[in-house]
file run16.tsv (TSV, C-alpha atoms and all ligand atoms)
chain	number	residue	atom	x	y	z
A	1	MET	CA	20.57	9.10	32.79
A	2	LYS	CA	18.48	10.78	35.50
A	3	LYS	CA	15.09	9.57	36.71
A	4	ALA	CA	12.24	12.06	37.33
A	5	ILE	CA	10.95	12.18	40.90
A	6	SER	CA	8.16	14.31	42.31
A	7	PRO	CA	9.16	17.86	43.31
A	8	GLY	CA	9.87	18.09	47.02
A	9	ALA	CA	12.05	19.45	49.78
A	10	LEU	CA	15.11	17.50	48.74
A	11	LEU	CA	17.77	20.19	48.76
A	12	SER	CA	20.77	18.60	50.44
A	13	PRO	CA	22.85	18.85	52.49
A	14	VAL	CA	21.36	21.44	54.81
A	15	PRO	CA	22.14	22.32	58.40
A	16	ALA	CA	19.96	20.92	61.17
A	17	VAL	CA	20.02	23.63	63.82
A	18	LEU	CA	18.58	23.96	67.29
A	19	VAL	CA	16.33	26.99	67.58
A	20	SER	CA	15.72	28.12	71.13
A	21	CYS	CA	12.90	30.48	72.03
A	22	GLY	CA	10.72	31.76	74.88
A	23	THR	CA	12.57	33.12	77.89
A	24	MET	CA	15.19	31.85	80.35
A	25	GLU	CA	12.29	31.21	82.76
A	26	ARG	CA	10.09	29.45	80.17
A	27	PRO	CA	12.36	28.23	77.39
A	28	ASN	CA	11.62	25.88	74.52
A	29	LEU	CA	13.64	24.56	71.62
A	30	LEU	CA	13.03	22.76	68.36
A	31	THR	CA	15.08	21.30	65.56
A	32	ILE	CA	14.95	23.12	62.23
A	33	ALA	CA	16.38	21.94	58.94
A	34	TRP	CA	14.71	24.52	56.71
A	35	ALA	CA	17.16	27.25	57.70
A	36	GLY	CA	19.56	29.36	55.71
A	37	THR	CA	21.61	32.51	55.33
A	38	VAL	CA	19.66	35.01	53.25
A	39	CYS	CA	21.59	38.28	53.46
A	40	THR	CA	25.13	39.40	54.28
A	41	ARG	CA	24.46	43.03	55.23
A	42	PRO	CA	22.42	43.25	57.36
A	43	PRO	CA	23.26	39.69	58.38
A	44	MET	CA	20.03	37.73	58.08
A	45	VAL	CA	18.85	34.16	58.32
A	46	SER	CA	15.58	32.42	57.53
A	47	ILE	CA	13.84	29.60	59.33
A	48	SER	CA	10.63	27.93	58.17
A	49	ILE	CA	8.22	26.76	60.86
A	50	ARG	CA	4.89	24.99	60.69
A	51	PRO	CA	2.22	27.05	62.52
A	52	GLU	CA	1.18	24.01	64.57
A	53	ARG	CA	4.57	23.84	66.37
A	54	TYR	CA	4.52	24.83	70.04
A	55	SER	CA	7.46	27.15	69.31
A	56	TYR	CA	5.62	29.00	66.53
A	57	PRO	CA	3.61	31.47	68.69
A	58	LEU	CA	6.54	31.85	71.11
A	59	ILE	CA	8.72	33.13	68.27
A	60	LYS	CA	5.96	35.09	66.54
A	61	GLU	CA	4.89	36.92	69.69
A	62	SER	CA	8.34	37.67	71.12
A	63	GLY	CA	9.87	38.38	67.69
A	64	GLU	CA	13.04	36.65	68.86
A	65	PHE	CA	14.86	33.35	68.71
A	66	VAL	CA	18.37	32.00	68.94
A	67	LEU	CA	19.74	29.79	66.18
A	68	ASN	CA	22.33	27.41	67.66
A	69	LEU	CA	24.79	25.26	65.71
A	70	PRO	CA	24.83	21.77	67.20
A	71	THR	CA	27.71	19.27	67.07
A	72	THR	CA	27.94	15.54	66.41
A	73	ARG	CA	28.28	15.01	70.17
A	74	ILE	CA	24.63	16.05	70.71
A	75	VAL	CA	23.07	14.74	67.49
A	76	ARG	CA	20.78	12.38	69.42
A	77	ALA	CA	19.43	15.32	71.46
A	78	VAL	CA	18.97	17.30	68.23
A	79	ASP	CA	16.85	14.54	66.79
A	80	LEU	CA	14.89	14.21	70.02
A	81	CYS	CA	14.07	17.93	70.03
A	82	GLY	CA	12.73	17.45	66.51
A	83	VAL	CA	10.33	14.63	67.37
A	84	LYS	CA	9.07	15.73	70.80
A	85	SER	CA	7.01	18.86	71.35
A	86	GLY	CA	7.22	21.39	74.16
A	87	LYS	CA	3.43	20.91	74.34
A	88	ASP	CA	4.03	17.56	76.00
A	89	GLY	CA	6.77	18.42	78.46
A	90	ASP	CA	10.13	20.00	79.21
A	91	LYS	CA	12.46	19.14	76.33
A	92	PHE	CA	15.48	20.37	78.27
A	93	ALA	CA	14.94	17.77	80.97
A	94	LEU	CA	14.28	15.16	78.30
A	95	SER	CA	17.33	15.92	76.17
A	96	GLY	CA	19.83	16.89	78.88
A	97	LEU	CA	20.47	20.22	77.12
A	98	HIS	CA	20.64	23.50	79.02
A	99	PRO	CA	19.46	27.04	78.27
A	100	ALA	CA	21.94	29.88	78.76
A	101	PRO	CA	21.51	33.67	78.53
A	102	ALA	CA	22.06	35.00	75.00
A	103	ALA	CA	23.44	38.38	73.91
A	104	GLY	CA	20.93	40.99	72.71
A	105	VAL	CA	17.70	38.98	73.08
A	106	SER	CA	15.55	37.58	75.89
A	107	ALA	CA	15.36	34.15	74.23
A	108	PRO	CA	17.88	31.67	75.62
A	109	ALA	CA	20.87	30.20	73.79
A	110	MET	CA	21.94	26.57	74.12
A	111	GLU	CA	24.87	25.92	76.43
A	112	GLU	CA	25.95	22.76	74.55
A	113	CYS	CA	26.14	24.48	71.14
A	114	PRO	CA	29.47	26.19	70.36
A	115	VAL	CA	27.98	28.97	68.21
A	116	SER	CA	24.73	30.88	68.79
A	117	PHE	CA	23.10	33.54	66.64
A	118	SER	CA	20.74	35.90	68.47
A	119	CYS	CA	17.99	36.80	66.00
A	120	LYS	CA	15.18	39.35	65.76
A	121	VAL	CA	12.30	38.59	63.41
A	122	ARG	CA	11.86	41.22	60.67
A	123	GLN	CA	9.23	39.56	58.49
A	124	ILE	CA	6.97	36.51	58.45
A	125	ILE	CA	5.87	35.16	55.09
A	126	PRO	CA	3.19	32.42	54.94
A	127	LEU	CA	4.20	29.94	52.25
A	128	GLY	CA	1.93	26.91	52.66
A	129	SER	CA	2.85	24.16	55.09
A	130	HIS	CA	5.47	26.46	56.65
A	131	ASP	CA	5.77	30.16	57.44
A	132	LEU	CA	9.11	31.73	56.58
A	133	PHE	CA	10.64	33.83	59.36
A	134	LEU	CA	13.19	36.31	58.08
A	135	ALA	CA	15.36	37.49	60.94
A	136	GLU	CA	18.30	39.77	61.51
A	137	ILE	CA	21.27	38.41	63.43
A	138	VAL	CA	21.86	40.97	66.17
A	139	ALA	CA	24.66	39.11	67.99
A	140	ILE	CA	26.81	36.01	67.58
A	141	GLU	CA	28.58	34.22	70.39
A	142	ALA	CA	31.19	31.53	69.73
A	143	GLU	CA	33.05	29.27	72.15
A	144	GLU	CA	36.44	30.76	73.11
A	145	GLY	CA	38.19	27.46	72.43
A	146	LEU	CA	37.26	27.73	68.74
A	147	PHE	CA	39.51	30.74	68.07
A	148	ASP	CA	43.04	30.06	66.88
A	149	GLU	CA	46.13	32.04	67.96
A	150	LYS	CA	45.47	34.61	65.19
A	151	GLY	CA	41.91	35.23	66.38
A	152	ARG	CA	40.34	33.36	63.45
A	153	LEU	CA	37.15	31.44	64.18
A	154	ALA	CA	38.18	27.86	63.41
A	155	LEU	CA	34.67	26.57	62.75
A	156	GLU	CA	36.11	23.43	61.18
A	157	LYS	CA	37.11	22.31	64.68
A	158	ALA	CA	33.59	22.59	66.07
A	159	GLY	CA	32.35	19.16	64.96
A	160	LEU	CA	29.34	20.44	63.03
A	161	PHE	CA	27.17	18.07	61.02
A	162	ALA	CA	24.81	18.14	58.06
A	163	TYR	CA	21.37	16.74	57.30
A	164	ALA	CA	20.60	15.14	53.94
A	165	HIS	CA	17.42	13.37	52.87
A	166	GLY	CA	16.38	12.42	56.40
A	167	GLU	CA	19.82	11.43	57.68
A	168	TYR	CA	22.56	13.08	59.72
A	169	PHE	CA	26.15	13.13	58.46
A	170	SER	CA	29.36	14.33	60.08
A	171	LEU	CA	31.44	16.57	57.83
A	172	GLY	CA	34.35	15.08	55.91
A	173	ASP	CA	37.72	16.41	54.81
A	174	LYS	CA	38.28	19.97	53.65
A	175	ILE	CA	38.44	19.85	49.85
A	176	GLY	CA	38.88	23.53	49.00
A	177	SER	CA	38.18	27.06	50.17
A	178	PHE	CA	36.31	30.05	48.71
A	179	GLY	CA	38.00	31.10	45.45
A	180	PHE	CA	40.68	28.41	45.50
A	181	SER	CA	39.85	27.51	41.91
A	182	VAL	CA	41.25	30.80	40.65
A	183	ARG	CA	43.90	31.43	43.29
A	184	LYS	CA	47.54	31.26	42.25
A	185	LYS	CA	49.45	28.33	43.63
A	186	PRO	CA	51.13	29.20	46.93
A	187	LEU	CA	54.84	29.98	46.60
A	188	PRO	CA	57.18	27.17	47.57
A	189	LYS	CA	58.63	27.67	51.04
A	190	SER	CA	62.27	27.81	49.92
A	191	PRO	CA	62.32	28.81	46.23
A	192	LYS	CA	65.12	27.35	44.16
A	193	LYS	CA	67.79	29.87	43.24
A	194	SER	CA	66.96	30.90	39.67
A	195	ALA	CA	69.51	30.99	36.92
A	196	GLY	CA	69.30	34.73	37.03
A	197	ARG	CA	66.78	36.04	34.45
A	198	ALA	CA	63.34	35.41	35.89
A	199	PRO	CA	61.92	38.37	37.85
A	200	ALA	CA	61.23	37.81	41.52
A	201	PRO	CA	57.54	36.92	42.09
A	202	LYS	CA	55.34	39.66	43.53
A	203	PRO	CA	54.50	39.18	47.20
A	204	ARG	CA	50.91	37.94	47.59
A	205	ARG	CA	48.41	40.16	49.31
A	206	PRO	CA	47.28	38.59	52.59
A	207	ARG	CA	43.63	37.51	52.62
A	208	LYS	CA	41.26	39.48	54.77
A	209	ASN	CA	40.12	37.65	57.87
A	210	THR	CA	36.39	37.85	57.27
A	211	SER	CA	35.43	35.72	60.25
A	212	LYS	CA	36.54	38.48	62.64
A	213	LYS	CA	34.02	40.85	61.10
A	214	GLY	CA	31.28	38.21	61.11
A	215	SER	CA	30.67	38.43	57.38
A	216	HIS	CA	31.25	35.64	54.93
A	217	ARG	CA	31.20	35.45	51.18
A	218	PRO	CA	29.06	35.43	49.09
B	301	LIG	C1	16.00	16.94	61.47
B	301	LIG	C2	14.72	17.67	61.72
B	301	LIG	C3	14.46	18.84	61.05
B	301	LIG	C4	13.27	19.55	61.26
B	301	LIG	N1	13.04	20.72	60.59
B	301	LIG	C5	11.90	21.40	60.80
B	301	LIG	C6	11.67	22.64	60.13
B	301	LIG	O1	12.50	23.12	59.35
B	301	LIG	N2	10.52	23.29	60.38
B	301	LIG	C7	9.57	22.81	61.26
B	301	LIG	O2	8.51	23.44	61.46
B	301	LIG	N3	9.77	21.62	61.91
B	301	LIG	C8	10.91	20.94	61.71
B	301	LIG	N4	11.13	19.76	62.37
B	301	LIG	C9	10.10	19.24	63.29
B	301	LIG	C10	10.10	19.96	64.65
B	301	LIG	O3	11.40	20.11	65.16
B	301	LIG	C11	9.25	19.13	65.63
B	301	LIG	O4	7.92	19.09	65.19
B	301	LIG	C12	9.32	19.60	67.05
B	301	LIG	O5	8.74	18.62	67.86
B	301	LIG	C13	8.61	20.92	67.29
B	301	LIG	O6	8.79	21.28	68.61
B	301	LIG	P1	7.79	22.25	69.39
B	301	LIG	O7	6.39	21.71	69.17
B	301	LIG	O8	8.23	22.14	70.82
B	301	LIG	O9	7.98	23.60	68.82
B	301	LIG	C14	12.32	19.04	62.18
B	301	LIG	C15	12.58	17.85	62.85
B	301	LIG	C16	13.77	17.17	62.64
B	301	LIG	C17	14.05	15.90	63.39
call {"tool": "encode", "arguments": {"input": "run16.tsv", "output": "C-alpha cells"}}
result
Amino acid sequence: MKKAISPGALLSPVPAVLVSCGTMERPNLLTIAWAGTVCTRPPMVSISIRPERYSYPLIKESGEFVLNLPTTRIVRAVDLCGVKSGKDGDKFALSGLHPAPAAGVSAPAMEECPVSFSCKVRQIIPLGSHDLFLAEIVAIEAEEGLFDEKGRLALEKAGLFAYAHGEYFSLGDKIGSFGFSVRKKPLPKSPKKSAGRAPAPKPRRPRKNTSKKGSHRP
C-alpha cells in the first residue's frame, strides 16, 4: 500500500549538472538539478533557475550557458557550487574547478567535466519559484578518451552520477539498453550444426550509431 505525501519536486533520479555562465574573463557556475532534455531536433535542454541566483541575470542577459556533466570525482565541488553563491566570491577558486573556452558560445565550459553542451537560450518561462530556460544545444564537446575504437561515445565510462531526493548516487550496473525488451536474442557465436532442415537465420541489421550524430532516442 502507498502512503500519500504532499506534491513536490520529488522526481528521481535526475542529473545534477554544473552550469557555467558569464565569460572567460568573468565566469560563474552553479549546480542545477532541475535540468532535462526537452527536444531531439533541434536538440534542446531545459534548466530551471530561481531569479535570485547570481547566475540568473548572467544567463538571461547573455542568452548563453554551458551545461557540463560532472563525474563522481568532483561531486564535492558540485555540491559546493550549489551552496555557495558567486555573489560572495570566486567559486572557481573555492572549488578548484577551472573554466575553459567552449565551442559556439562566449560562456565558459568546465575543464573537469568530460562532456559540455554549449547552449543558447530560446525562451524563458516564469513558473513560480523558478523560471524555465529552454535552450538549444549549439555544440557538444566530449573528452577524447571517452570514444572507443569504433568512434562510439562510451558515456558509461565517464563516471557520471545521479541525484535523488537530496542525495548523490554513483551509477550502478548496466541492466539493459534502449529496445532490448523487444530485440531478438543475439545469435550464438558458433551455432551448432543443424540436422539439416531449419533455414539459416537472417543476418541481423547492424544498429545505427546514434551517438556519432548526437541524437538519442526517444
Ligand atoms: C544538488 C543541487 C541542485 C540544485 N539545483 C538547482 C536548480 O535546479 N535551480 C536553482 O535555481 N538552484 C539550484 N540549486 C541551488 C544553486 O546551485 C545555489 O543556490 C547556488 O549557490 C547558486 O549560485 P549563484 O548564486 O552563484 O548563481 C541546486 C543546488 C544543489 C546543491
call {"tool": "residues_near_ligand", "arguments": {"input": "run16.tsv", "ligand": "ligand LIG 301 (chain B)", "cutoff": "7 Å", "atoms": "all atoms listed in the file", "output": "VMD selection string"}}
result
chain A and resid 16 28 to 35 47 to 50 53 to 56 79 to 87 130 163 166
call {"tool": "residues_around", "arguments": {"input": "run16.tsv", "residues": "Gly36 of chain A", "least_positions_apart": "5", "cutoff": "8 Å", "atoms": "all atoms listed in the file", "output": "list in words"}}
result
Pro15, Val45, Ser46 and Ile47 of chain A
call {"tool": "residues_around", "arguments": {"input": "run16.tsv", "residues": "segment 101-104 of chain A", "least_positions_apart": "2", "cutoff": "8 Å", "atoms": "only C-alpha atoms", "output": "PyMOL selection string"}}
result
chain A and resi 24+66+99+106-109+116+118+138-141
call {"tool": "write_last_selection", "arguments": {"input": "run16.tsv", "atoms": "C-alpha atoms", "output": "mmCIF file, keeping the file's coordinate frame"}}
result
data_model
loop_
_atom_site.group_PDB
_atom_site.id
_atom_site.type_symbol
_atom_site.label_atom_id
_atom_site.label_comp_id
_atom_site.auth_asym_id
_atom_site.auth_seq_id
_atom_site.Cartn_x
_atom_site.Cartn_y
_atom_site.Cartn_z
ATOM 1 C CA MET A 24 15.190 31.850 80.350
ATOM 2 C CA VAL A 66 18.370 32.000 68.940
ATOM 3 C CA PRO A 99 19.460 27.040 78.270
ATOM 4 C CA SER A 106 15.550 37.580 75.890
ATOM 5 C CA ALA A 107 15.360 34.150 74.230
ATOM 6 C CA PRO A 108 17.880 31.670 75.620
ATOM 7 C CA ALA A 109 20.870 30.200 73.790
ATOM 8 C CA SER A 116 24.730 30.880 68.790
ATOM 9 C CA SER A 118 20.740 35.900 68.470
ATOM 10 C CA VAL A 138 21.860 40.970 66.170
ATOM 11 C CA ALA A 139 24.660 39.110 67.990
ATOM 12 C CA ILE A 140 26.810 36.010 67.580
ATOM 13 C CA GLU A 141 28.580 34.220 70.390
#
call {"tool": "atom_distance", "arguments": {"input": "run16.tsv", "atom1": "atom CA of His98 of chain A", "atom2": "atom CA of Gly22 of chain A"}}
result
13.6 Å
call {"tool": "residues_around", "arguments": {"input": "run16.tsv", "residues": "Leu67 of chain A", "least_positions_apart": "4", "cutoff": "9 Å", "atoms": "only C-alpha atoms", "output": "PyMOL selection string"}}
result
chain A and resi 17-20+109-110+115-119
call {"tool": "write_last_selection", "arguments": {"input": "run16.tsv", "atoms": "C-alpha atoms", "output": "PDB file, keeping the file's coordinate frame"}}
result
ATOM      1  CA  VAL A  17      20.020  23.630  63.820  1.00  0.00           C
ATOM      2  CA  LEU A  18      18.580  23.960  67.290  1.00  0.00           C
ATOM      3  CA  VAL A  19      16.330  26.990  67.580  1.00  0.00           C
ATOM      4  CA  SER A  20      15.720  28.120  71.130  1.00  0.00           C
ATOM      5  CA  ALA A 109      20.870  30.200  73.790  1.00  0.00           C
ATOM      6  CA  MET A 110      21.940  26.570  74.120  1.00  0.00           C
ATOM      7  CA  VAL A 115      27.980  28.970  68.210  1.00  0.00           C
ATOM      8  CA  SER A 116      24.730  30.880  68.790  1.00  0.00           C
ATOM      9  CA  PHE A 117      23.100  33.540  66.640  1.00  0.00           C
ATOM     10  CA  SER A 118      20.740  35.900  68.470  1.00  0.00           C
ATOM     11  CA  CYS A 119      17.990  36.800  66.000  1.00  0.00           C
TER      12      CYS A 119
END
call {"tool": "closest_residue", "arguments": {"input": "run16.tsv", "among": "A:Pro57, A:Pro42, A:Asp90, A:Lys2", "to": "Pro27 of chain A", "atoms": "only C-alpha atoms"}}
result
A:Asp90
call {"tool": "atom_distance", "arguments": {"input": "run16.tsv", "atom1": "atom CA of Ala135 of chain A", "atom2": "atom CA of Arg152 of chain A"}}
result
25.4 Å
call {"tool": "atom_distance", "arguments": {"input": "run16.tsv", "atom1": "atom CA of Thr23 of chain A", "atom2": "atom CA of Ala142 of chain A"}}
result
20.4 Å
call {"tool": "residues_near_point", "arguments": {"input": "run16.tsv", "point": "(8.7, 35.8, 65.9)", "cutoff": "9 Å", "atoms": "only C-alpha atoms", "output": "list in words"}}
result
Tyr56, Pro57, Leu58, Ile59, Lys60, Glu61, Ser62, Gly63, Glu64, Phe65, Lys120, Val121, Arg122, Gln123, Ile124, Phe133 and Ala135 of chain A
call {"tool": "write_last_selection", "arguments": {"input": "run16.tsv", "atoms": "C-alpha atoms", "output": "PDB file, keeping the file's coordinate frame"}}
result
ATOM      1  CA  TYR A  56       5.620  29.000  66.530  1.00  0.00           C
ATOM      2  CA  PRO A  57       3.610  31.470  68.690  1.00  0.00           C
ATOM      3  CA  LEU A  58       6.540  31.850  71.110  1.00  0.00           C
ATOM      4  CA  ILE A  59       8.720  33.130  68.270  1.00  0.00           C
ATOM      5  CA  LYS A  60       5.960  35.090  66.540  1.00  0.00           C
ATOM      6  CA  GLU A  61       4.890  36.920  69.690  1.00  0.00           C
ATOM      7  CA  SER A  62       8.340  37.670  71.120  1.00  0.00           C
ATOM      8  CA  GLY A  63       9.870  38.380  67.690  1.00  0.00           C
ATOM      9  CA  GLU A  64      13.040  36.650  68.860  1.00  0.00           C
ATOM     10  CA  PHE A  65      14.860  33.350  68.710  1.00  0.00           C
ATOM     11  CA  LYS A 120      15.180  39.350  65.760  1.00  0.00           C
ATOM     12  CA  VAL A 121      12.300  38.590  63.410  1.00  0.00           C
ATOM     13  CA  ARG A 122      11.860  41.220  60.670  1.00  0.00           C
ATOM     14  CA  GLN A 123       9.230  39.560  58.490  1.00  0.00           C
ATOM     15  CA  ILE A 124       6.970  36.510  58.450  1.00  0.00           C
ATOM     16  CA  PHE A 133      10.640  33.830  59.360  1.00  0.00           C
ATOM     17  CA  ALA A 135      15.360  37.490  60.940  1.00  0.00           C
TER      18      ALA A 135
END
